[in-house]
Each structure stands twice: as structure tokens, then as C-alpha cells.
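Trainee: Contents of my_file_19.cif (mmCIF, C-alpha atoms) are below:
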data_my_file
loop_
_atom_site.group_PDB
_atom_site.id
_atom_site.type_symbol
_atom_site.label_atom_id
_atom_site.label_comp_id
_atom_site.auth_asym_id
_atom_site.auth_seq_id
_atom_site.Cartn_x
_atom_site.Cartn_y
_atom_site.Cartn_z
ATOM 1 C CA MET A 87 -56.145 54.266 71.635
ATOM 2 C CA LYS A 88 -55.656 56.458 68.713
ATOM 3 C CA THR A 89 -52.022 57.117 69.648
ATOM 4 C CA GLU A 90 -51.298 53.361 69.961
ATOM 5 C CA ALA A 91 -52.715 52.772 66.479
ATOM 6 C CA LYS A 92 -50.501 55.438 65.036
ATOM 7 C CA VAL A 93 -47.434 53.977 66.752
ATOM 8 C CA GLY A 94 -48.302 50.473 65.506
ATOM 9 C CA ALA A 95 -48.801 51.724 61.954
ATOM 10 C CA PHE A 96 -45.460 53.552 62.135
ATOM 11 C CA VAL A 97 -43.699 50.411 63.324
ATOM 12 C CA LEU A 98 -45.228 48.362 60.540
ATOM 13 C CA VAL A 99 -44.181 50.887 57.908
ATOM 14 C CA CYS A 100 -40.636 50.966 59.266
ATOM 15 C CA ALA A 101 -40.465 47.178 59.274
ATOM 16 C CA ALA A 102 -41.703 47.056 55.661
ATOM 17 C CA ILE A 103 -39.118 49.631 54.594
ATOM 18 C CA LEU A 104 -36.367 47.689 56.370
ATOM 19 C CA LEU A 105 -37.344 44.408 54.780
ATOM 20 C CA THR A 106 -37.565 46.017 51.333
ATOM 21 C CA THR A 107 -34.151 47.597 51.799
ATOM 22 C CA ILE A 108 -32.617 44.295 52.911
ATOM 23 C CA TYR A 109 -34.178 42.447 49.938
ATOM 24 C CA ARG A 110 -32.944 44.960 47.394
ATOM 25 C CA VAL A 111 -29.481 45.133 48.910
ATOM 26 C CA SER A 112 -29.189 41.349 48.913
ATOM 27 C CA ASN A 113 -30.399 41.117 45.302
ATOM 28 C CA ALA A 114 -27.992 43.840 44.288
ATOM 29 C CA ALA A 115 -25.166 41.999 46.037
ATOM 30 C CA LEU A 116 -26.124 38.735 44.419
ATOM 31 C CA LYS A 117 -26.468 40.319 41.009
ATOM 32 C CA GLY A 118 -23.130 41.986 41.368
ATOM 33 C CA ALA A 119 -21.492 38.693 42.327
ATOM 34 C CA ASN A 120 -22.925 36.640 39.410
ATOM 35 C CA VAL A 121 -21.065 36.118 36.103
ATOM 36 C CA SER A 122 -22.926 36.626 32.832
ATOM 37 C CA TYR A 123 -22.702 34.327 29.774
ATOM 38 C CA ARG A 124 -24.790 33.856 26.655
ATOM 39 C CA ILE A 125 -25.728 31.099 24.240
ATOM 40 C CA TYR A 126 -27.467 30.950 20.852
ATOM 41 C CA LEU A 127 -30.133 28.413 19.835
ATOM 42 C CA ARG A 128 -32.489 27.980 16.883
ATOM 43 C CA TYR A 129 -35.318 26.768 19.122
ATOM 44 C CA ALA A 130 -35.980 28.114 22.644
ATOM 45 C CA GLY A 131 -38.859 25.724 23.482
ATOM 46 C CA GLY A 132 -40.798 28.182 25.677
ATOM 47 C CA LEU A 133 -37.767 29.202 27.754
ATOM 48 C CA GLU A 134 -38.394 32.358 29.824
ATOM 49 C CA PRO A 135 -36.273 34.651 32.007
ATOM 50 C CA GLY A 136 -35.858 33.168 35.456
ATOM 51 C CA ALA A 137 -35.418 29.629 34.182
ATOM 52 C CA ASP A 138 -32.745 27.600 35.937
ATOM 53 C CA VAL A 139 -29.221 27.084 34.554
ATOM 54 C CA LEU A 140 -27.748 23.671 35.387
ATOM 55 C CA PHE A 141 -24.069 22.759 35.241
ATOM 56 C CA GLY A 142 -23.696 18.988 35.310
ATOM 57 C CA GLY A 143 -27.200 18.802 36.805
ATOM 58 C CA ILE A 144 -26.419 21.354 39.562
ATOM 59 C CA LYS A 145 -28.210 24.688 39.646
ATOM 60 C CA VAL A 146 -25.645 27.449 39.194
ATOM 61 C CA GLY A 147 -27.712 30.387 37.923
ATOM 62 C CA GLN A 148 -30.738 31.738 36.080
ATOM 63 C CA VAL A 149 -31.725 32.920 32.625
ATOM 64 C CA THR A 150 -31.891 36.738 32.499
ATOM 65 C CA ALA A 151 -33.095 37.387 28.935
ATOM 66 C CA VAL A 152 -34.479 35.453 25.929
ATOM 67 C CA GLN A 153 -34.707 37.387 22.659
ATOM 68 C CA PRO A 154 -33.915 37.109 18.930
ATOM 69 C CA ASP A 155 -30.340 37.903 18.007
ATOM 70 C CA ALA A 156 -29.974 41.448 16.665
ATOM 71 C CA GLN A 157 -27.442 40.387 14.010
ATOM 72 C CA ASP A 158 -29.084 37.095 12.998
ATOM 73 C CA PRO A 159 -32.821 36.970 13.756
ATOM 74 C CA THR A 160 -32.977 33.283 12.804
ATOM 75 C CA ARG A 161 -31.346 32.356 16.114
ATOM 76 C CA ILE A 162 -32.325 33.098 19.727
ATOM 77 C CA GLU A 163 -29.926 34.847 22.102
ATOM 78 C CA ILE A 164 -30.188 33.624 25.691
ATOM 79 C CA ASP A 165 -28.397 35.574 28.428
ATOM 80 C CA MET A 166 -27.748 34.030 31.834
ATOM 81 C CA ASN A 167 -26.018 34.659 35.143
ATOM 82 C CA VAL A 168 -24.099 31.914 36.923
ATOM 83 C CA LYS A 169 -22.329 31.723 40.255
ATOM 84 C CA PRO A 170 -18.688 32.798 40.442
ATOM 85 C CA GLY A 171 -16.271 29.898 40.313
ATOM 86 C CA THR A 172 -18.450 27.783 38.019
ATOM 87 C CA PRO A 173 -15.829 25.903 35.901
ATOM 88 C CA LEU A 174 -17.227 26.619 32.451
ATOM 89 C CA ASN A 175 -14.661 25.704 29.787
ATOM 90 C CA SER A 176 -14.372 25.648 26.002
ATOM 91 C CA LYS A 177 -15.485 21.987 25.909
ATOM 92 C CA SER A 178 -18.721 22.706 27.814
ATOM 93 C CA VAL A 179 -21.876 22.482 25.681
ATOM 94 C CA ALA A 180 -25.184 24.164 26.525
ATOM 95 C CA LYS A 181 -28.531 22.854 25.320
ATOM 96 C CA LEU A 182 -32.216 23.170 26.081
ATOM 97 C CA GLY A 183 -33.531 20.511 28.429
ATOM 98 C CA SER A 184 -35.753 19.712 31.380
ATOM 99 C CA VAL A 185 -35.389 17.916 34.663
ATOM 100 C CA THR A 186 -38.647 15.974 34.222
ATOM 101 C CA VAL A 187 -41.266 15.698 31.493
ATOM 102 C CA ILE A 188 -43.761 18.020 33.229
ATOM 103 C CA THR A 189 -41.312 20.678 34.458
ATOM 104 C CA SER A 190 -40.423 23.918 32.701
ATOM 105 C CA PRO A 191 -37.473 23.998 30.306
ATOM 106 C CA VAL A 192 -33.992 24.746 31.669
ATOM 107 C CA ILE A 193 -30.532 25.377 30.251
ATOM 108 C CA SER A 194 -28.318 22.342 30.817
ATOM 109 C CA ILE A 195 -24.532 22.764 30.474
ATOM 110 C CA THR A 196 -22.123 19.818 30.314
ATOM 111 C CA THR A 197 -18.971 19.762 32.445
ATOM 112 C CA GLY A 198 -16.653 19.649 29.410
ATOM 113 C CA SER A 199 -13.001 18.786 30.007
ATOM 114 C CA ASN A 200 -10.679 19.610 32.876
ATOM 115 C CA ASP A 201 -7.820 20.240 30.418
ATOM 116 C CA ALA A 202 -9.826 22.750 28.356
ATOM 117 C CA PRO A 203 -9.283 26.476 29.020
ATOM 118 C CA ARG A 204 -11.860 28.301 31.183
ATOM 119 C CA LEU A 205 -14.347 30.622 29.486
ATOM 120 C CA PRO A 206 -13.958 34.314 30.396
ATOM 121 C CA PRO A 207 -17.003 36.186 31.730
ATOM 122 C CA GLY A 208 -19.389 37.516 29.086
ATOM 123 C CA SER A 209 -18.249 34.979 26.467
ATOM 124 C CA GLU A 210 -20.408 32.643 24.395
ATOM 125 C CA ILE A 211 -20.897 29.046 25.525
ATOM 126 C CA PRO A 212 -20.938 26.464 22.680
ATOM 127 C CA SER A 213 -24.478 25.175 22.196
ATOM 128 C CA GLN A 214 -26.227 22.133 20.754
ATOM 129 C CA GLU A 215 -29.704 22.099 19.266
ATOM 130 C CA THR A 216 -32.328 19.787 20.735
ATOM 131 C CA ILE A 217 -35.194 18.146 18.900
ATOM 132 C CA SER A 218 -38.485 19.948 19.487
ATOM 133 C CA LEU A 219 -41.746 18.172 20.184
ATOM 134 C CA ASP A 220 -43.022 19.096 16.730
ATOM 135 C CA ASP A 221 -39.961 17.528 15.098
ATOM 136 C CA THR A 222 -40.381 14.455 17.285
ATOM 137 C CA GLU A 223 -44.030 14.130 16.323
ATOM 138 C CA ARG A 224 -43.197 14.510 12.637
ATOM 139 C CA LYS A 225 -40.501 11.821 12.882
ATOM 140 C CA ILE A 226 -42.888 9.519 14.754
ATOM 141 C CA VAL A 227 -45.525 10.037 12.060
ATOM 142 C CA ALA A 228 -42.953 9.341 9.350
ATOM 143 C CA VAL A 229 -41.831 6.186 11.150
ATOM 144 C CA ALA A 230 -45.436 5.091 11.537
ATOM 145 C CA ASP A 231 -46.100 5.624 7.828
ATOM 146 C CA SER A 232 -42.964 3.643 6.964
ATOM 147 C CA ALA A 233 -44.008 0.889 9.370
ATOM 148 C CA ARG A 234 -47.468 0.749 7.796
ATOM 149 C CA THR A 235 -45.964 0.470 4.320
ATOM 150 C CA LEU A 236 -43.548 -2.194 5.570
ATOM 151 C CA LEU A 237 -46.399 -4.167 7.160
ATOM 152 C CA ASP A 238 -48.372 -4.005 3.914
ATOM 153 C CA ASP A 239 -45.345 -5.292 1.996
ATOM 154 C CA ILE A 240 -44.809 -8.026 4.582
ATOM 155 C CA HIS A 241 -48.464 -9.025 4.368
ATOM 156 C CA THR A 242 -48.208 -9.289 0.592
ATOM 157 C CA ASP A 243 -44.974 -11.271 0.835
ATOM 158 C CA VAL A 244 -46.481 -13.566 3.473
ATOM 159 C CA ASN A 245 -49.427 -14.277 1.198
ATOM 160 C CA ASN A 246 -47.070 -15.092 -1.670
ATOM 161 C CA VAL A 247 -44.923 -17.292 0.562
ATOM 162 C CA THR A 248 -48.046 -19.056 1.848
ATOM 163 C CA GLY A 249 -49.184 -19.785 -1.704
ATOM 164 C CA ASP A 250 -45.730 -21.108 -2.617
ATOM 165 C CA ALA A 251 -45.694 -23.263 0.531
ATOM 166 C CA ARG A 252 -49.069 -24.729 -0.364
ATOM 167 C CA SER A 253 -47.846 -25.558 -3.867
ATOM 168 C CA LEU A 254 -44.701 -27.138 -2.387
ATOM 169 C CA ILE A 255 -46.748 -29.236 0.016
ATOM 170 C CA ALA A 256 -48.986 -30.358 -2.854
ATOM 171 C CA ASN A 257 -45.920 -31.375 -4.886
ATOM 172 C CA VAL A 258 -44.480 -33.234 -1.892
ATOM 173 C CA ASN A 259 -47.776 -35.077 -1.466
ATOM 174 C CA ASP A 260 -47.707 -36.042 -5.134
ATOM 175 C CA ILE A 261 -44.117 -37.254 -4.830
ATOM 176 C CA THR A 262 -44.812 -39.269 -1.702
ATOM 177 C CA GLY A 263 -47.961 -40.891 -3.139
ATOM 178 C CA LYS A 264 -48.418 -44.656 -3.507
ATOM 179 C CA SER A 265 -47.421 -44.745 -7.174
ATOM 180 C CA ASN A 266 -44.220 -42.815 -6.536
ATOM 181 C CA GLN A 267 -43.472 -44.930 -3.490
ATOM 182 C CA GLN A 268 -43.740 -48.064 -5.670
ATOM 183 C CA ARG A 269 -41.414 -46.488 -8.225
ATOM 184 C CA VAL A 270 -38.905 -45.594 -5.547
ATOM 185 C CA ALA A 271 -39.094 -49.157 -4.228
ATOM 186 C CA GLU A 272 -38.452 -50.523 -7.741
ATOM 187 C CA ILE A 273 -35.529 -48.160 -8.203
ATOM 188 C CA LEU A 274 -34.024 -49.269 -4.894
ATOM 189 C CA ALA A 275 -34.518 -52.934 -5.791
ATOM 190 C CA ASN A 276 -32.802 -52.404 -9.155
ATOM 191 C CA ALA A 277 -29.977 -50.583 -7.390
ATOM 192 C CA ASP A 278 -29.536 -53.518 -4.974
ATOM 193 C CA ALA A 279 -29.476 -55.993 -7.862
ATOM 194 C CA MET A 280 -26.945 -53.846 -9.738
ATOM 195 C CA VAL A 281 -24.716 -53.654 -6.677
ATOM 196 C CA ALA A 282 -24.920 -57.428 -6.289
ATOM 197 C CA ARG A 283 -23.842 -57.926 -9.934
ATOM 198 C CA ILE A 284 -21.071 -55.374 -9.815
ATOM 199 C CA SER A 285 -19.607 -56.454 -6.444
ATOM 200 C CA PRO A 286 -17.396 -59.272 -7.895
ATOM 201 C CA LYS A 287 -16.063 -56.928 -10.569
ATOM 202 C CA ILE A 288 -15.384 -54.300 -7.953
ATOM 203 C CA ASP A 289 -13.441 -56.857 -5.880
ATOM 204 C CA GLN A 290 -11.450 -57.869 -8.970
ATOM 205 C CA ILE A 291 -10.668 -54.279 -9.797
ATOM 206 C CA SER A 292 -9.624 -53.702 -6.186
ATOM 207 C CA ASP A 293 -7.196 -56.659 -6.389
ATOM 208 C CA GLN A 294 -5.761 -55.338 -9.646
ATOM 209 C CA ILE A 295 -5.343 -51.898 -8.134
ATOM 210 C CA LEU A 296 -3.604 -53.453 -5.127
ATOM 211 C CA THR A 297 -1.233 -55.397 -7.407
ATOM 212 C CA LEU A 298 -0.562 -52.293 -9.444
ATOM 213 C CA THR A 299 0.185 -50.387 -6.249
ATOM 214 C CA ASN A 300 2.668 -53.042 -5.123
ATOM 215 C CA ASN A 301 4.384 -52.952 -8.530
ATOM 216 C CA ALA A 302 4.511 -49.202 -8.343
ATOM 217 C CA ASN A 303 6.130 -49.461 -4.913
ATOM 218 C CA GLY A 304 8.782 -51.790 -6.346
ATOM 219 C CA VAL A 305 9.409 -49.420 -9.231
ATOM 220 C CA MET A 306 9.733 -46.543 -6.812
ATOM 221 C CA ALA A 307 12.237 -48.533 -4.724
ATOM 222 C CA ASP A 308 14.293 -49.250 -7.880
ATOM 223 C CA ALA A 309 14.080 -45.618 -8.812
ATOM 224 C CA HIS A 310 15.394 -44.647 -5.390
ATOM 225 C CA GLY A 311 18.331 -47.064 -5.882
ATOM 226 C CA VAL A 312 19.077 -45.579 -9.301
ATOM 227 C CA MET A 313 18.928 -42.111 -7.850
ATOM 228 C CA ALA A 314 21.313 -43.166 -5.087
ATOM 229 C CA ARG A 315 23.778 -44.455 -7.722
ATOM 230 C CA VAL A 316 23.350 -41.435 -9.921
ATOM 231 C CA GLY A 317 23.957 -39.094 -7.003
ATOM 232 C CA PRO A 318 27.782 -39.479 -6.925
ATOM 233 C CA VAL A 319 27.932 -39.098 -10.711
ATOM 234 C CA VAL A 320 25.958 -35.891 -10.473
ATOM 235 C CA ASP A 321 28.245 -34.703 -7.680
ATOM 236 C CA SER A 322 31.312 -35.488 -9.814
ATOM 237 C CA ALA A 323 29.771 -33.645 -12.752
ATOM 238 C CA ASN A 324 29.059 -30.683 -10.508
ATOM 239 C CA ALA A 325 32.663 -30.722 -9.244
ATOM 240 C CA THR A 326 33.969 -30.912 -12.858
ATOM 241 C CA VAL A 327 31.782 -28.023 -13.912
ATOM 242 C CA SER A 328 32.955 -26.033 -10.885
ATOM 243 C CA ASN A 329 36.625 -26.741 -11.749
ATOM 244 C CA ALA A 330 35.995 -25.787 -15.368
ATOM 245 C CA ASN A 331 34.370 -22.575 -14.256
ATOM 246 C CA GLU A 332 37.344 -21.814 -12.007
ATOM 247 C CA THR A 333 39.816 -22.586 -14.838
ATOM 248 C CA ILE A 334 37.899 -20.417 -17.288
ATOM 249 C CA THR A 335 37.737 -17.658 -14.712
ATOM 250 C CA ALA A 336 41.514 -17.912 -14.073
ATOM 251 C CA VAL A 337 42.410 -17.946 -17.811
ATOM 252 C CA ARG A 338 39.902 -15.304 -18.847
ATOM 253 C CA GLU A 339 41.768 -12.256 -17.541
ATOM 254 C CA PRO A 340 45.218 -13.179 -19.058
ATOM 255 C CA LEU A 341 43.542 -14.000 -22.380
ATOM 256 C CA GLN A 342 41.750 -10.698 -22.334
ATOM 257 C CA THR A 343 45.054 -8.916 -21.580
ATOM 258 C CA ASP A 344 46.860 -10.745 -24.422
ATOM 259 C CA LEU A 345 44.050 -10.045 -26.846
ATOM 260 C CA THR A 346 44.182 -6.383 -25.900
ATOM 261 C CA GLU A 347 47.937 -6.289 -26.526
ATOM 262 C CA VAL A 348 47.505 -8.124 -29.871
ATOM 263 C CA LYS A 349 44.827 -5.638 -30.871
ATOM 264 C CA LYS A 350 47.147 -2.731 -30.025
ATOM 265 C CA THR A 351 49.984 -4.372 -32.041
ATOM 266 C CA LEU A 352 47.686 -4.903 -35.032
ATOM 267 C CA ASP A 353 46.554 -1.296 -34.838
ATOM 268 C CA GLN A 354 50.188 -0.136 -34.765
ATOM 269 C CA ALA A 355 51.041 -2.427 -37.720
ATOM 270 C CA ARG A 356 48.086 -1.068 -39.682
ATOM 271 C CA SER A 357 49.193 2.466 -38.890
ATOM 272 C CA LEU A 358 52.802 1.678 -39.959
ATOM 273 C CA ILE A 359 51.661 0.040 -43.216
ATOM 274 C CA ALA A 360 49.462 3.023 -43.933
ATOM 275 C CA ASP A 361 52.403 5.358 -43.336
ATOM 276 C CA LEU A 362 54.632 3.256 -45.648
ATOM 277 C CA GLU A 363 51.977 3.252 -48.339
ATOM 278 C CA ALA A 364 51.642 6.993 -48.049
ATOM 279 C CA ALA A 365 55.433 7.404 -48.240
ATOM 280 C CA MET A 366 55.617 5.082 -51.248
ATOM 281 C CA ARG A 367 52.922 7.037 -53.045
ATOM 282 C CA THR A 368 54.568 10.404 -52.390
ATOM 283 C CA LYS A 369 58.212 9.364 -53.222
ATOM 284 C CA ASP A 370 57.701 6.686 -55.844
ATOM 285 C CA PRO A 371 60.566 7.739 -58.314
ATOM 286 C CA ASP A 372 63.164 8.159 -55.581
ATOM 287 C CA VAL A 373 62.239 4.881 -54.027
ATOM 288 C CA ILE A 374 62.608 3.120 -57.395
ATOM 289 C CA ASN A 375 66.133 4.554 -57.851
ATOM 290 C CA ILE A 376 67.054 3.680 -54.294
ATOM 291 C CA MET A 377 65.746 0.148 -54.772
ATOM 292 C CA GLU A 378 67.710 -0.175 -58.065
ATOM 293 C CA ASN A 379 70.902 1.045 -56.390
ATOM 294 C CA ILE A 380 70.336 -1.327 -53.526
ATOM 295 C CA ARG A 381 69.816 -4.159 -56.040
ATOM 296 C CA LEU A 382 73.070 -3.292 -57.873
ATOM 297 C CA ALA A 383 74.949 -3.002 -54.598
ATOM 298 C CA THR A 384 73.563 -6.341 -53.543
ATOM 299 C CA ASP A 385 74.671 -7.953 -56.826
ATOM 300 C CA ASN A 386 78.185 -6.494 -56.491
ATOM 301 C CA LEU A 387 78.341 -7.662 -52.896
ATOM 302 C CA ASN A 388 77.305 -11.139 -53.976
ATOM 303 C CA ASP A 389 79.997 -11.181 -56.687
ATOM 304 C CA LEU A 390 82.609 -10.010 -54.193
ATOM 305 C CA THR A 391 81.549 -12.639 -51.725
ATOM 306 C CA GLN A 392 81.729 -15.368 -54.378
ATOM 307 C CA SER A 393 85.169 -14.133 -55.470
ATOM 308 C CA VAL A 394 86.466 -14.186 -51.894
ATOM 309 C CA LYS A 395 85.139 -17.700 -51.469
ATOM 310 C CA GLU A 396 86.927 -18.878 -54.649
ATOM 311 C CA ARG A 397 90.123 -16.859 -54.201
ATOM 312 C CA PRO A 398 90.588 -15.815 -50.609
ATOM 313 C CA TRP A 399 94.270 -14.943 -51.194
ATOM 314 C CA SER A 400 93.165 -12.046 -53.286
ATOM 315 C CA LEU A 401 92.587 -10.134 -50.089
ATOM 316 C CA ILE A 402 96.365 -10.202 -49.172
ATOM 317 C CA ARG A 403 98.068 -10.507 -52.620
ATOM 318 C CA ILE A 404 98.315 -7.769 -55.151
ATOM 319 C CA ARG A 405 98.832 -10.001 -58.165
ATOM 320 C CA GLN A 406 96.984 -13.054 -58.852
ATOM 321 C CA PRO A 407 99.215 -16.144 -59.090
ATOM 322 C CA LYS A 408 99.428 -17.910 -62.360
ATOM 323 C CA ASP A 409 97.297 -20.859 -62.861
ATOM 324 C CA ARG A 410 99.002 -24.150 -62.339
ATOM 325 C CA LYS A 411 99.490 -26.286 -65.352
ATOM 326 C CA VAL A 412 97.843 -29.517 -65.264
ATOM 327 C CA PRO A 413 100.339 -32.299 -65.979
ATOM 328 C CA PRO A 414 99.592 -34.315 -69.080
ATOM 329 C CA LYS A 415 98.251 -37.696 -68.769
ATOM 330 C CA PRO A 416 100.733 -40.521 -69.333
#
With the file now loaded, output its structure as C-alpha cells.
Mentor:
Amino acid sequence: MKTEAKVGAFVLVCAAILLTTIYRVSNAALKGANVSYRIYLRYAGGLEPGADVLFGGIKVGQVTAVQPDAQDPTRIEIDMNVKPGTPLNSKSVAKLGSVTVITSPVISITTGSNDAPRLPPGSEIPSQETISLDDTERKIVAVADSARTLLDDIHTDVNNVTGDARSLIANVNDITGKSNQQRVAEILANADAMVARISPKIDQISDQILTLTNNANGVMADAHGVMARVGPVVDSANATVSNANETITAVREPLQTDLTEVKKTLDQARSLIADLEAAMRTKDPDVINIMENIRLATDNLNDLTQSVKERPWSLIRIRQPKDRKVPPKP
């Protein structure tokens, strides 16, 4: 009996060692196959190591460590391991969440975008802060205080509106009283009487307006006839103006050319006169002698011409014939 107990105890110990070895080997294999990532949050919300990591609502890993960041103690560093092949990308966003209200907090990661590049192992996943319960309570309290103030203001405004409505109703009652009703009836009766008196005048005015409208129609018809007759005259005037414009356009360029030539000629004449004046001023004595000689030569030439006219034979005869004697009168 004693030997059987020893054998049973030995078997149990061996089985325990085997199971422990299998458990540790499997954990080591699983840990070696997982991929580590980290995120940073300002509020961890009671998150502990071992909490689930969800990717699009699917469990893909666990939180391995939750501790303040060594470089920035104002934020919490959260390390996690996820299954290989989990498509974490640069558009994925991690935040603190929970599956239900009463469950423990978890890390929830969005699926991001299929076009975004995949995150390498050990990198940081972009994170988004969540509102804590304390912040939610404070906001609810602030909203409640604002609602209370708003209700007080509404109550005051309702009281004021009620008082104004009562005053309005009292005024309406005064207006619709018997005395005011009688006045309104008198006013309506006077209005009916006035309409009855004015109706003939209104009819007369309507007839006059109708006559005036007919006359205006006749005047407009005459005006249309005048415009029809004036139309050809206007067309002729337009044609004349067009022809005049064409004539002026055709004559303009030659006139401008002639005026340019005349201007050049006048400039040349002015230049020539200026040169003559300058020459006259510089050679005044010589010019006077030349002009005197020219005058004398001109006089001699005139005398010679007159002599040739009177005695043309002088050009071929050396001696001048004697003058003929005039016979005496009987």
C-alpha cells in the first residue's frame, strides 16, 4: 500500500511538471509570436495590464504595461501586444473604451484606411482622448445649472408676457364694449352715407377718365402715323450723313497731304527769305552797287529797244539817212 501511494504521488508530480512545461512553452510561443505597439493617453481610466485590445471590435491582443511616460509624466504610456497580421495603419486611432457600461475598460483601435501605410512593429499608434466620468459629471452639472438659470429666466418672461396679455385683453374688452360698438356703428353708417354721396361723382370721373383714355388712344394713333411719315425722312437724313462722312473721309487724306506739302513749301520759303536777309545784311554795299549797275543797264537796254523800234534800219546801216523834207503846203 505504501508503494502504491508513492507511485501515485510520483505520477501526479510528473503530470504537474508536464502541464507546467506545456503551459510555459505555449505562453512563450504566443509571446514570441505577438507584435508589440504602444499608445499615449492623458487619462487611463483604470486600465490595467491584461486588458483586451480590440481592432474594429475584434479582440487582437492584450495590454502588457500601463505606466507614466518617462519623458513626459503628464501622459500615460500603454504597451500592448497584438496578433501578427493585424492591419494597423497610420490612419488607425486608439482610444480608451468599454464593451458595455459595467465591463472593464479596453483599448479600442479603429480600422483606419486601406490606402494608408501599415505601422511597423514597436511603433506608436495615434490616439484620441476620451471624456472621463468626472468630466462628464462636471459638464452635466454645468448644463443643469444653465438649464436652471434658463428656466428662471423663462419663468420671469412668462410672468411678464402673462401680465402684458392680461392688459391686452382688458384693452380689447374696452374697445369691444357697448359704447365703442355704437361708435363703430356710427362710423360705418357715416361711411355708407359718404359712399352713397360720392358714387355719382365717382361715375362721372370714371366717364371722364374713359373719354380721356379714348382721346389719348387717338393721339397715340396720330403719333404713330407721324412717326411712320417721319421714318423715311430720318432714313434719308441718315443716308446723307453717311455719304457726307464717306466724302469727308475720302477728302481728308488728300487734304492732309496737300497741307503737309504747303507747310513744307512755306518752311522752305521762310528759310530762303532768311538766307536772303542774311546775305543782304552781310553784303549791303556790294548789293547796292550791283543793283545800281543793273538799273543803269536796264535803262540803256530800254533806250536801245526804243531806238530799234523807231529806227530798225540802224541795225544794218552804218549812216543814218537824212531826214526827208516835208513838202510845203500849197
Trainee: Could you tell me how far CA of Ser199 in chain A sits from CA of Tyr129 in chain A, in Å to one decimal place?
Mentor: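 Straight-line distance from CA of Tyr129 in chain A to CA of Ser199 in chain A works out to 26.1 Å.
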Trainee: Interatomic distance between CA of Gly171 in chain A and CA of Arg204 in chain A?
Mentor: 10.3 Å
Trainee: List the spatial neighbours of Glu210 in chain A as a VMD selection string - criterion: any atom at most 12 Å away, only C-alpha atoms, same-chain residues fewer than 6 positions off excluded.
Mentor: chain A and resid 122 to 127 163 to 166 174 to 180 204
Trainee: Determine the axis-aligned bounding box of all atoms of range 135-142 of chain A present in the file, pad each side by 4 Å, and express its centre and edge lengths in Å to one decimal place as JSON.
Mentor:
{"center_x": -30.0, "center_y": 26.8, "center_z": 34.0, "size_x": 20.6, "size_y": 23.7, "size_z": 11.9}
Trainee: For Gly132 in chain A, please output as a ChimeraX atom specification all residues within 10 Å (counting only C-alpha atoms; exclusion window: fewer than 4 positions along the same chain).
Mentor: /A:152,182,190-192
Trainee: Go ahead and compute the interatomic distance for CA of Gly311 in chain A and CA of Thr326 in chain A, in Å to one decimal.
Mentor: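 So the two atoms, CA of Gly311 in chain A and CA of Thr326 in chain A, lie 23.5 Å apart.
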Trainee: Between A:Pro207, A:Gly183, A:Pro154, A:Gly94, single out the one closest to Lys169 in chain A, counting all atoms listed in the file.
Mentor: A:Pro207
Trainee: Between A:Ile359, A:Lys181, A:Glu339, A:Ala275, which is the closest to Ile217 in chain A once you count only C-alpha atoms?
Mentor: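 Counting only C-alpha atoms, the residue closest to Ile217 in chain A is A:Lys181.
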Trainee: Give me the residues within 7 Å of Pro170 in chain A as a list of chain:residue names, counting all atoms listed in the file and dropping any in the same chain fewer than 2 places off.
Mentor: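 In the requested format, the answer is A:Ala119, A:Asn120, A:Val121, A:Val168, A:Thr172.
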Trainee: Can you pull out the residues contacting Pro135 in chain A? Cut-off 8 Å, using only C-alpha atoms, and skip same-chain residues under 2 positions away; I want them as a compact mmCIF listing (two decimals) with C-alpha atoms, in the frame of the given file.
Mentor:
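selection_25.txt, written as the output of this step:
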# COMPACT_ATOMS: atom_id res chain seq x y z
CA LEU A 133 -37.77 29.20 27.75
CA ALA A 137 -35.42 29.63 34.18
CA GLN A 148 -30.74 31.74 36.08
CA VAL A 149 -31.72 32.92 32.62
CA THR A 150 -31.89 36.74 32.50
CA ALA A 151 -33.10 37.39 28.94
CA VAL A 152 -34.48 35.45 25.93
Trainee: Which residue out of A:Ile193, A:Ala360, A:Ala228, A:Leu298 has the minimum interatomic distance to Asp138 in chain A when all atoms listed in the file are used?
Mentor: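 Closest to Asp138 in chain A of all the choices is A:Ile193.
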